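Chemist: Have a peek at target17.pdb (PDB, C-alpha atoms).
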```pdb
ATOM      1  CA  PHE A  48       0.000   0.000   0.000
ATOM      2  CA  PHE A  49       2.705   2.457   0.971
ATOM      3  CA  PHE A  50       4.726   1.821  -2.165
ATOM      4  CA  LEU A  51       1.779   3.192  -4.117
ATOM      5  CA  MET A  52       2.455   6.533  -2.499
ATOM      6  CA  ILE A  53       5.895   6.703  -4.134
ATOM      7  CA  ARG A  54       4.847   8.052  -7.479
ATOM      8  CA  ARG A  55       7.116   9.303 -10.255
ATOM      9  CA  PRO A  56       6.324  12.559 -12.054
ATOM     10  CA  PRO A  57       5.072  12.259 -15.626
ATOM     11  CA  ARG A  58       7.708  12.096 -18.321
ATOM     12  CA  SER A  59       6.626  15.331 -19.891
ATOM     13  CA  THR A  60       5.572  18.490 -18.095
ATOM     14  CA  GLN A  61       5.847  20.759 -21.097
ATOM     15  CA  SER A  62       2.145  21.527 -20.988
ATOM     16  CA  ARG A  63       2.356  22.769 -17.437
ATOM     17  CA  SER A  64       3.368  26.293 -16.482
ATOM     18  CA  SER A  65       6.631  26.701 -14.610
ATOM     19  CA  ALA A  66       4.914  27.584 -11.316
ATOM     20  CA  ALA A  67       2.441  24.739 -11.547
ATOM     21  CA  SER A  68       5.230  22.329 -12.387
ATOM     22  CA  ASP A  69       7.187  23.336  -9.290
ATOM     23  CA  VAL A  70       4.145  22.849  -7.047
ATOM     24  CA  TYR A  71       3.472  19.415  -8.528
ATOM     25  CA  LYS A  72       7.094  18.314  -8.044
ATOM     26  CA  ARG A  73       7.023  19.403  -4.384
ATOM     27  CA  GLN A  74       3.802  17.369  -3.802
ATOM     28  CA  VAL A  75       5.299  14.265  -5.384
ATOM     29  CA  SER A  76       8.502  14.685  -3.384
ATOM     30  CA  THR A  77       6.525  14.995  -0.110
ATOM     31  CA  GLN A  78       4.420  11.895  -0.854
ATOM     32  CA  SER A  79       7.484   9.872  -1.780
ATOM     33  CA  THR A  80       9.256  10.862   1.420
ATOM     34  CA  TRP A  81       6.315   9.847   3.636
ATOM     35  CA  GLY A  82       5.903   6.617   1.715
ATOM     36  CA  ILE A  83       9.537   5.669   2.344
ATOM     37  CA  ILE A  84       9.304   6.569   6.051
ATOM     38  CA  LEU A  85       6.125   4.546   6.657
ATOM     39  CA  THR A  86       7.442   1.567   4.722
ATOM     40  CA  LEU A  87      10.663   1.487   6.776
ATOM     41  CA  PHE A  88       8.646   1.870   9.990
ATOM     42  CA  TYR A  89       6.427  -1.161   9.320
ATOM     43  CA  ILE A  90       9.365  -3.264   8.188
ATOM     44  CA  ASN A  91      11.080  -2.484  11.484
ATOM     45  CA  MET A  92       7.920  -3.279  13.479
ATOM     46  CA  GLY A  93       7.607  -6.646  11.725
ATOM     47  CA  ALA A  94      11.191  -7.518  12.588
ATOM     48  CA  CYS A  95      10.643  -6.524  16.230
ATOM     49  CA  ASN A  96       7.485  -8.635  16.523
ATOM     50  CA  SER A  97       9.235 -11.601  14.959
ATOM     51  CA  THR A  98      12.097 -11.310  17.438
ATOM     52  CA  LYS A  99       9.650 -10.923  20.324
ATOM     53  CA  LYS A 100       7.688 -14.038  19.327
ATOM     54  CA  LYS A 101      10.897 -15.989  18.959
ATOM     55  CA  ASP A 102      12.012 -14.914  22.439
ATOM     56  CA  GLN A 103       8.612 -15.881  23.868
ATOM     57  CA  LYS A 104       8.733 -19.340  22.341
ATOM     58  CA  GLU A 105      12.196 -19.904  23.781
ATOM     59  CA  ASN A 106      11.051 -18.722  27.213
ATOM     60  CA  PRO A 107      10.430 -21.754  29.523
ATOM     61  CA  THR A 108       7.447 -20.041  31.170
ATOM     62  CA  TYR A 109       5.850 -19.433  27.787
ATOM     63  CA  GLN A 110       6.492 -23.006  26.735
ATOM     64  CA  GLN A 111       4.941 -24.322  29.942
ATOM     65  CA  ALA A 112       1.866 -22.128  29.497
ATOM     66  CA  GLN A 113       1.442 -23.317  25.932
ATOM     67  CA  GLY A 114       1.817 -26.915  27.060
ATOM     68  CA  ASN A 115      -0.824 -26.468  29.764
ATOM     69  CA  GLN A 116      -3.168 -24.845  27.265
ATOM     70  CA  GLY A 117      -2.692 -27.707  24.849
ATOM     71  CA  ALA A 118      -3.344 -30.239  27.615
ATOM     72  CA  ASN A 119      -6.505 -28.377  28.636
ATOM     73  CA  ASN A 120      -7.751 -28.305  25.060
ATOM     74  CA  GLN A 121      -7.107 -32.025  24.688
ATOM     75  CA  GLN A 122      -8.879 -32.730  27.964
ATOM     76  CA  LEU A 123     -11.902 -30.733  26.839
ATOM     77  CA  ALA A 124     -11.896 -32.567  23.517
ATOM     78  CA  ASN A 125     -11.812 -35.923  25.300
ATOM     79  CA  GLN A 126     -14.664 -34.903  27.567
ATOM     80  CA  ALA A 127     -16.732 -33.699  24.622
ATOM     81  CA  ALA A 128     -16.197 -36.997  22.860
ATOM     82  CA  LYS A 129     -17.549 -38.860  25.888
ATOM     83  CA  VAL A 130     -20.611 -36.650  26.343
ATOM     84  CA  GLU A 131     -23.850 -38.386  25.403
ATOM     85  CA  VAL A 132     -27.410 -37.181  25.579
ATOM     86  CA  ALA A 133     -28.940 -38.363  28.826
ATOM     87  CA  PRO A 134     -31.413 -41.140  28.044
ATOM     88  CA  SER A 135     -35.052 -40.362  28.700
ATOM     89  CA  THR A 136     -36.846 -42.156  31.509
ATOM     90  CA  ALA A 137     -40.014 -42.289  29.405
ATOM     91  CA  LYS A 138     -41.289 -45.593  28.038
ATOM     92  CA  ILE A 139     -43.492 -46.125  25.005
ATOM     93  CA  ALA A 140     -45.431 -49.273  24.092
ATOM     94  CA  ILE A 141     -46.495 -50.103  20.555
ATOM     95  CA  VAL A 142     -49.578 -52.294  20.843
ATOM     96  CA  PHE A 143     -50.837 -53.853  17.633
ATOM     97  CA  HIS A 144     -53.031 -56.501  16.075
ATOM     98  CA  ALA A 145     -52.249 -57.855  12.623
ATOM     99  CA  TYR A 146     -53.413 -60.409  10.108
ATOM    100  CA  ASP A 147     -50.419 -59.867   7.828
ATOM    101  CA  SER A 148     -46.963 -58.316   7.881
ATOM    102  CA  SER A 149     -48.089 -54.751   7.101
ATOM    103  CA  ILE A 150     -48.985 -53.653  10.642
ATOM    104  CA  TYR A 151     -45.966 -55.437  12.099
ATOM    105  CA  THR A 152     -43.704 -53.696   9.573
ATOM    106  CA  LEU A 153     -45.202 -50.318  10.465
ATOM    107  CA  ALA A 154     -44.781 -51.073  14.170
ATOM    108  CA  LYS A 155     -41.083 -51.805  13.700
ATOM    109  CA  GLU A 156     -40.597 -48.571  11.754
ATOM    110  CA  ALA A 157     -42.333 -46.591  14.494
ATOM    111  CA  ALA A 158     -40.128 -48.300  17.094
ATOM    112  CA  ALA A 159     -37.030 -47.285  15.128
ATOM    113  CA  GLY A 160     -38.172 -43.668  15.188
ATOM    114  CA  ILE A 161     -38.782 -43.769  18.937
ATOM    115  CA  SER A 162     -35.407 -45.374  19.645
ATOM    116  CA  ALA A 163     -33.659 -42.762  17.495
ATOM    117  CA  VAL A 164     -34.823 -40.072  19.926
ATOM    118  CA  GLY A 165     -33.467 -41.997  22.901
ATOM    119  CA  VAL A 166     -36.758 -43.150  24.381
ATOM    120  CA  HIS A 167     -37.294 -46.758  25.453
ATOM    121  CA  VAL A 168     -39.837 -48.653  23.366
ATOM    122  CA  GLU A 169     -41.419 -52.106  23.600
ATOM    123  CA  LEU A 170     -43.681 -53.976  21.169
ATOM    124  CA  ARG A 171     -46.798 -55.809  22.280
ATOM    125  CA  ARG A 172     -49.379 -57.778  20.308
ATOM    126  CA  VAL A 173     -52.968 -58.282  21.401
ATOM    127  CA  PRO A 174     -54.288 -61.837  21.755
ATOM    128  CA  GLU A 175     -55.582 -63.452  18.582
ATOM    129  CA  THR A 176     -59.169 -64.614  18.823
ATOM    130  CA  LEU A 177     -59.397 -66.498  15.523
ATOM    131  CA  THR A 178     -59.439 -70.258  15.799
ATOM    132  CA  ALA A 179     -56.847 -72.421  14.084
ATOM    133  CA  ASP A 180     -59.409 -73.389  11.434
ATOM    134  CA  GLN A 181     -60.244 -69.742  10.724
ATOM    135  CA  ILE A 182     -56.545 -68.888  10.432
ATOM    136  CA  ALA A 183     -56.061 -71.800   8.032
ATOM    137  CA  GLN A 184     -59.037 -70.690   5.931
ATOM    138  CA  ARG A 185     -57.542 -67.218   5.619
ATOM    139  CA  GLY A 186     -54.135 -68.664   4.736
ATOM    140  CA  ILE A 187     -52.269 -66.401   7.160
ATOM    141  CA  GLN A 188     -50.437 -68.982   9.261
ATOM    142  CA  ALA A 189     -46.997 -68.057   7.903
ATOM    143  CA  GLN A 190     -47.542 -64.319   8.342
ATOM    144  CA  LEU A 191     -48.717 -64.697  11.931
ATOM    145  CA  LYS A 192     -45.539 -66.616  12.738
ATOM    146  CA  ASP A 193     -43.461 -63.536  11.825
ATOM    147  CA  PHE A 194     -44.462 -61.836  15.074
ATOM    148  CA  GLU A 195     -45.581 -64.688  17.326
ATOM    149  CA  SER A 196     -42.443 -64.118  19.448
ATOM    150  CA  ILE A 197     -43.683 -60.635  20.412
ATOM    151  CA  LYS A 198     -44.982 -60.537  23.975
ATOM    152  CA  VAL A 199     -48.752 -60.546  24.341
ATOM    153  CA  ALA A 200     -50.124 -57.285  25.748
ATOM    154  CA  ASP A 201     -51.550 -57.223  29.261
ATOM    155  CA  PRO A 202     -53.920 -54.364  30.200
ATOM    156  CA  ASP A 203     -52.483 -54.127  33.708
ATOM    157  CA  GLU A 204     -48.941 -53.465  32.467
ATOM    158  CA  LEU A 205     -49.941 -50.359  30.528
ATOM    159  CA  GLN A 206     -49.562 -48.295  33.700
ATOM    160  CA  GLN A 207     -45.779 -48.549  33.490
ATOM    161  CA  PHE A 208     -45.685 -46.838  30.095
ATOM    162  CA  ASP A 209     -45.882 -43.113  29.399
ATOM    163  CA  GLY A 210     -46.971 -43.195  25.774
ATOM    164  CA  PHE A 211     -48.532 -45.550  23.244
ATOM    165  CA  LEU A 212     -49.003 -46.231  19.584
ATOM    166  CA  PHE A 213     -51.849 -48.562  18.664
ATOM    167  CA  GLY A 214     -51.960 -50.282  15.293
ATOM    168  CA  SER A 215     -54.681 -52.301  13.608
ATOM    169  CA  PRO A 216     -55.744 -53.195  10.069
ATOM    170  CA  VAL A 217     -58.930 -51.686   8.677
ATOM    171  CA  ILE A 218     -61.858 -54.067   9.190
ATOM    172  CA  PHE A 219     -65.099 -52.822   7.617
ATOM    173  CA  GLY A 220     -63.987 -49.208   8.070
ATOM    174  CA  SER A 221     -63.045 -49.642  11.716
ATOM    175  CA  LEU A 222     -60.399 -51.252  13.910
ATOM    176  CA  SER A 223     -60.164 -54.994  14.369
ATOM    177  CA  ALA A 224     -62.354 -56.736  16.938
ATOM    178  CA  GLN A 225     -59.235 -58.090  18.642
ATOM    179  CA  LEU A 226     -57.797 -54.614  19.348
ATOM    180  CA  LYS A 227     -61.236 -53.266  20.287
ATOM    181  CA  SER A 228     -61.646 -56.127  22.752
ATOM    182  CA  PHE A 229     -58.284 -55.279  24.310
ATOM    183  CA  ILE A 230     -59.232 -51.614  24.672
ATOM    184  CA  ASP A 231     -62.573 -52.578  26.186
ATOM    185  CA  ALA A 232     -60.633 -54.454  28.878
ATOM    186  CA  LEU A 233     -59.083 -51.201  30.153
ATOM    187  CA  GLY A 234     -62.062 -50.420  32.402
ATOM    188  CA  GLN A 235     -60.130 -50.863  35.645
ATOM    189  CA  LEU A 236     -57.447 -48.432  34.472
ATOM    190  CA  TRP A 237     -60.206 -45.971  33.544
ATOM    191  CA  MET A 238     -61.685 -46.264  37.033
ATOM    192  CA  LYS A 239     -58.311 -45.528  38.612
ATOM    193  CA  GLY A 240     -57.402 -42.759  36.153
ATOM    194  CA  ALA A 241     -54.183 -44.651  35.532
ATOM    195  CA  LEU A 242     -53.822 -43.557  31.899
ATOM    196  CA  ILE A 243     -54.654 -39.876  32.350
ATOM    197  CA  GLY A 244     -52.032 -37.616  30.811
ATOM    198  CA  LYS A 245     -50.325 -40.322  28.777
ATOM    199  CA  THR A 246     -49.780 -39.678  25.077
ATOM    200  CA  VAL A 247     -51.267 -41.937  22.413
ATOM    201  CA  GLY A 248     -51.315 -42.208  18.635
ATOM    202  CA  SER A 249     -52.597 -44.660  16.053
ATOM    203  CA  PHE A 250     -51.685 -46.177  12.684
ATOM    204  CA  THR A 251     -53.345 -48.592  10.301
ATOM    205  CA  SER A 252     -53.219 -50.405   6.959
ATOM    206  CA  ALA A 253     -55.658 -51.556   4.319
ATOM    207  CA  GLU A 254     -55.654 -53.199   0.915
ATOM    208  CA  TYR A 255     -57.433 -50.325  -0.796
ATOM    209  CA  LEU A 256     -57.107 -46.550  -0.580
ATOM    210  CA  HIS A 257     -60.806 -46.018   0.198
ATOM    211  CA  ALA A 258     -61.224 -48.925   2.610
ATOM    212  CA  GLY A 259     -61.532 -46.576   5.599
ATOM    213  CA  LEU A 260     -57.950 -45.709   6.591
ATOM    214  CA  GLU A 261     -58.766 -42.329   8.133
ATOM    215  CA  THR A 262     -61.954 -43.642   9.739
ATOM    216  CA  GLU A 263     -60.086 -46.490  11.441
ATOM    217  CA  VAL A 264     -57.432 -44.213  12.940
ATOM    218  CA  PHE A 265     -60.016 -41.718  14.138
ATOM    219  CA  LEU A 266     -62.291 -44.359  15.669
ATOM    220  CA  ASN A 267     -59.288 -45.978  17.308
ATOM    221  CA  LEU A 268     -58.458 -42.746  19.138
ATOM    222  CA  ILE A 269     -61.931 -42.021  20.539
ATOM    223  CA  PRO A 270     -61.742 -44.480  23.498
ATOM    224  CA  PHE A 271     -58.409 -42.988  24.540
ATOM    225  CA  MET A 272     -60.037 -39.586  24.964
ATOM    226  CA  HIS A 273     -62.406 -41.197  27.477
ATOM    227  CA  LEU A 274     -59.346 -42.600  29.250
ATOM    228  CA  GLY A 275     -57.968 -39.066  29.631
ATOM    229  CA  MET A 276     -55.048 -39.603  27.300
ATOM    230  CA  ILE A 277     -53.401 -36.950  25.123
ATOM    231  CA  VAL A 278     -54.074 -37.765  21.475
ATOM    232  CA  VAL A 279     -51.171 -37.109  19.105
ATOM    233  CA  GLY A 280     -51.673 -37.142  15.344
ATOM    234  CA  LEU A 281     -49.259 -36.814  12.456
ATOM    235  CA  PRO A 282     -48.459 -33.114  11.884
ATOM    236  CA  TYR A 283     -48.033 -31.609   8.450
ATOM    237  CA  SER A 284     -44.363 -31.094   9.214
ATOM    238  CA  PHE A 285     -44.241 -34.544   7.651
ATOM    239  CA  GLN A 286     -44.822 -32.963   4.276
ATOM    240  CA  GLU A 287     -44.907 -36.165   2.250
ATOM    241  CA  GLN A 288     -48.444 -36.899   3.413
ATOM    242  CA  SER A 289     -49.602 -34.187   0.988
ATOM    243  CA  LEU A 290     -48.061 -35.878  -2.049
ATOM    244  CA  PRO A 291     -50.538 -37.277  -4.618
ATOM    245  CA  GLU A 292     -49.524 -40.873  -4.102
ATOM    246  CA  ARG A 293     -51.336 -43.973  -2.826
ATOM    247  CA  HIS A 294     -49.866 -44.073   0.677
ATOM    248  CA  GLY A 295     -52.766 -43.994   3.171
ATOM    249  CA  VAL A 296     -51.174 -41.385   5.456
ATOM    250  CA  SER A 297     -53.347 -38.697   7.067
ATOM    251  CA  PRO A 298     -53.085 -36.021   9.793
ATOM    252  CA  TYR A 299     -54.787 -38.486  12.139
ATOM    253  CA  GLY A 300     -51.910 -40.973  11.971
ATOM    254  CA  GLY A 301     -49.782 -43.237   9.848
ATOM    255  CA  GLY A 302     -51.350 -45.494   7.273
ATOM    256  CA  ALA A 303     -50.349 -47.912   4.540
ATOM    257  CA  ILE A 304     -51.815 -49.685   1.553
ATOM    258  CA  TYR A 305     -50.779 -53.327   1.529
ATOM    259  CA  SER A 306     -50.698 -55.338  -1.662
ATOM    260  CA  GLN A 307     -51.847 -58.872  -0.941
ATOM    261  CA  LYS A 308     -50.572 -59.949  -4.345
ATOM    262  CA  GLU A 309     -47.035 -58.608  -3.875
ATOM    263  CA  LYS A 310     -47.060 -59.083  -0.093
ATOM    264  CA  LYS A 311     -45.635 -55.639   0.586
ATOM    265  CA  ILE A 312     -46.547 -52.060   1.448
ATOM    266  CA  VAL A 313     -47.154 -50.105  -1.746
ATOM    267  CA  SER A 314     -45.473 -46.793  -0.833
ATOM    268  CA  ASP A 315     -42.332 -46.062   1.192
ATOM    269  CA  ILE A 316     -44.013 -42.859   2.319
ATOM    270  CA  SER A 317     -46.043 -44.991   4.720
ATOM    271  CA  LEU A 318     -42.875 -46.335   6.318
ATOM    272  CA  ARG A 319     -41.348 -42.886   6.682
ATOM    273  CA  ALA A 320     -44.631 -41.564   8.069
ATOM    274  CA  VAL A 321     -44.868 -43.992  10.991
ATOM    275  CA  LYS A 322     -41.179 -43.526  11.738
ATOM    276  CA  PHE A 323     -41.761 -39.779  11.863
ATOM    277  CA  GLN A 324     -44.825 -40.396  14.034
ATOM    278  CA  GLY A 325     -42.718 -42.416  16.460
ATOM    279  CA  GLU A 326     -40.087 -39.683  16.594
ATOM    280  CA  HIS A 327     -42.787 -37.058  17.114
ATOM    281  CA  ILE A 328     -44.480 -38.743  20.058
ATOM    282  CA  ALA A 329     -41.095 -39.621  21.581
ATOM    283  CA  CYS A 330     -39.927 -36.004  21.356
ATOM    284  CA  LEU A 331     -43.061 -34.868  23.170
ATOM    285  CA  LEU A 332     -42.263 -37.259  26.016
ATOM    286  CA  TYR A 333     -38.539 -36.479  25.973
ATOM    287  CA  THR A 334     -39.106 -32.752  26.526
ATOM    288  CA  SER A 335     -42.026 -33.090  28.956
ATOM    289  CA  PRO A 336     -42.224 -34.453  32.500
ATOM    290  CA  SER A 337     -43.112 -38.112  32.678
ATOM    291  CA  PRO A 338     -46.815 -38.664  33.408
ATOM    292  CA  ARG A 339     -45.719 -40.950  36.230
ATOM    293  CA  ASP A 340     -44.156 -37.903  37.901
ATOM    294  CA  ARG A 341     -47.241 -35.736  37.553
ATOM    295  CA  GLN A 342     -50.036 -35.517  40.074
ATOM    296  CA  LYS A 343     -52.710 -37.736  38.594
ATOM    297  CA  SER A 344     -56.322 -36.749  38.735
ATOM    298  CA  ARG A 345     -58.913 -39.059  40.240
ATOM    299  CA  MET A 346     -62.480 -39.482  39.157
ATOM    300  CA  PRO A 347     -64.803 -37.371  41.334
ATOM    301  CA  SER A 348     -66.883 -39.333  43.750
ATOM    302  CA  SER A 349     -70.453 -39.757  42.616
ATOM    303  CA  ALA A 350     -72.980 -37.467  44.295
TER     304      ALA A 350
END
```
Could you express the structure from this file as structure tokens?
Modeler:
Amino acid sequence: FFFLMIRRPPRSTQSRSSAASDVYKRQVSTQSTWGIILTLFYINMGACNSTKKKDQKENPTYQQAQGNQGANNQQLANQAAKVEVAPSTAKIAIVFHAYDSSIYTLAKEAAAGISAVGVHVELRRVPETLTADQIAQRGIQAQLKDFESIKVADPDELQQFDGFLFGSPVIFGSLSAQLKSFIDALGQLWMKGALIGKTVGSFTSAEYLHAGLETEVFLNLIPFMHLGMIVVGLPYSFQEQSLPERHGVSPYGGGAIYSQKEKKIVSDISLRAVKFQGEHIACLLYTSPSPRDRQKSRMPSSA
């Protein structure tokens, strides 16, 4: 920058008057002088700073301070590497009934979403009421074996959980009789107010788009309102539910269309939806006090 101040006069000054030429030469001479002075000054300062830094580095006290700082930085880095998010004390149960692999597949995806948040999750299946002959007539023996190792749900154990996802296939526009029978057995918990304040959501599957996917999810959630539970749907922050594709997802909860011919869920959007739903309900529990730690309301005594 300072070398730019050292300017030479133009080669020809014949067009200038004698007085003007003298003034111009004095200005150029003054600028050149200051440019040389400032340049020498900064060169000298740079040399002094370099010598000072060299002396500091050779100073034992400086070296010790730098060593301590390096050790502190390394210690902080080691501590940061060991830091993990404290696991939540909340527990979520995914309770489902299924005739095929669709609901079980959705349940596993939802469980993966819950686990990703750091919340404990357990799968439960409701008891099957079909007889062996009825199962054979439907030809679903092999599919039922896929999840026969899952623990059977017990109404009394629901008290230990803080949140739930219930899944059922669409049966005549509603939930299956098996899941409805299980929910009907929660009368004692209703009397005690044991499920008040717990979060709950629902998901479903059907073979056709207009078989009643939204109706099933909505009807599934109504009993839980009577139980005092907090109903959680599928928010539009999961934007894929608005895509014009045959997926069965709605704001009420996850849904899927299952092809009996291909034995698979038609759209991957359904899988991502229930995983998002699991993450969503887990995040609500992770950032809120556990219902077990809240003061639970009791039913008022009858007059």
Chemist: Any chance you could tabulate, as a tab-separated table, the residues of stretch 130-226 of chain A at most 7 Å from stretch 323-335 of chain A with each one's nearest atom pair and distance in Å to one decimal, using all atoms listed in the file, in chain and rising number order?
Modeler:
```
residue	atom	partner	partner_atom	distance
A:Ser135	CA	A:Tyr333	CA	5.9
A:Ala137	CA	A:Leu332	CA	6.5
A:Ala157	CA	A:Gly325	CA	4.6
A:Ala158	CA	A:Gly325	CA	6.5
A:Gly160	CA	A:Glu326	CA	4.6
A:Ile161	CA	A:Gly325	CA	4.8
A:Val164	CA	A:Glu326	CA	6.2
A:Val166	CA	A:Ala329	CA	6.3
```
Chemist: Name the residues in contact with stretch 194-201 of chain A at a cut-off of 9 Å, using only C-alpha atoms, excluding same-chain residues fewer than 5 positions from it; report them as a PyMOL selection string.
Modeler: chain A and resi 142-143+148+151+170-174+229
Chemist: Excluding same-chain residues fewer than 5 positions from stretch 252-256 of chain A, what lies within 9 Å of it counting all atoms listed in the file, as JSON, numbers by chain?
Modeler: {"A": [149, 150, 153, 214, 215, 216, 217, 218, 293, 294, 295, 301, 302, 303, 304, 305, 306, 307, 312]}
Chemist: Can you spell out as a PyMOL selection string the set of residues that the PyMOL selection byres ((chain A and resi 270-282) around 8) selects in the structure I just provided?
Modeler: chain A and resi 230+237+240+242-249+266-269+283-285+297-301+320+324+327-328
Chemist: Just how far from atom CA of A:Lys311 is atom CA of A:Ile141, in Å to one decimal?
Modeler: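 Distance reported for this atom pair: 20.7 Å.
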Chemist: For a test of reading the model, state the distance in Å between atom CA of A:Ala241 and atom CA of A:Phe213, rounded to one decimal.
Modeler: 17.5 Å
Chemist: Kindly give the distance, in Å, that separates atom CA of A:Gly234 and atom CA of A:Glu204, rounded to a single decimal.
Modeler: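 Separation of atom CA of A:Gly234 and atom CA of A:Glu204: 13.5 Å.
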Chemist: Rank nothing, just name the residue among A:Arg185, A:Lys322, A:Lys239, A:His257 nearest to A:Thr152, using all atoms listed in the file.
Modeler: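 Answer, going by the shortest atom-to-atom distance: A:Lys322.
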Chemist: What lies within 10 Å of A:Phe219 using all atoms listed in the file, ignoring chain neighbours under 3 positions off, as number ranges by chain?
Modeler: A: 216, 222-223, 258-259, 262-263
Chemist: Given the file shown, enumerate the residues that the PyMOL selection byres ((chain A and resi 206) around 9) captures and present them as a PyMOL selection string.
Modeler: chain A and resi 202-205+207-209+236+241-242+339
Chemist: For A:Gln190, find every residue with an atom within 7 Å (counting all atoms listed in the file), except residues of its own chain fewer than 2 positions away, and show them as a list in words.
Modeler: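 Close residues of A:Gln190: Asp147, Ser148, Ile187, Gln188, Lys192 and Asp193 of chain A.
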Chemist: Given the selection you just returned, output its residues as a file containing C-alpha atoms, formatted as a tab-separated table (two decimals), in the coordinates of the input.
Modeler:
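Heads up, here's the output in out_9.tsv:
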```
chain	number	residue	atom	x	y	z
A	147	ASP	CA	-50.42	-59.87	7.83
A	148	SER	CA	-46.96	-58.32	7.88
A	187	ILE	CA	-52.27	-66.40	7.16
A	188	GLN	CA	-50.44	-68.98	9.26
A	192	LYS	CA	-45.54	-66.62	12.74
A	193	ASP	CA	-43.46	-63.54	11.82
```
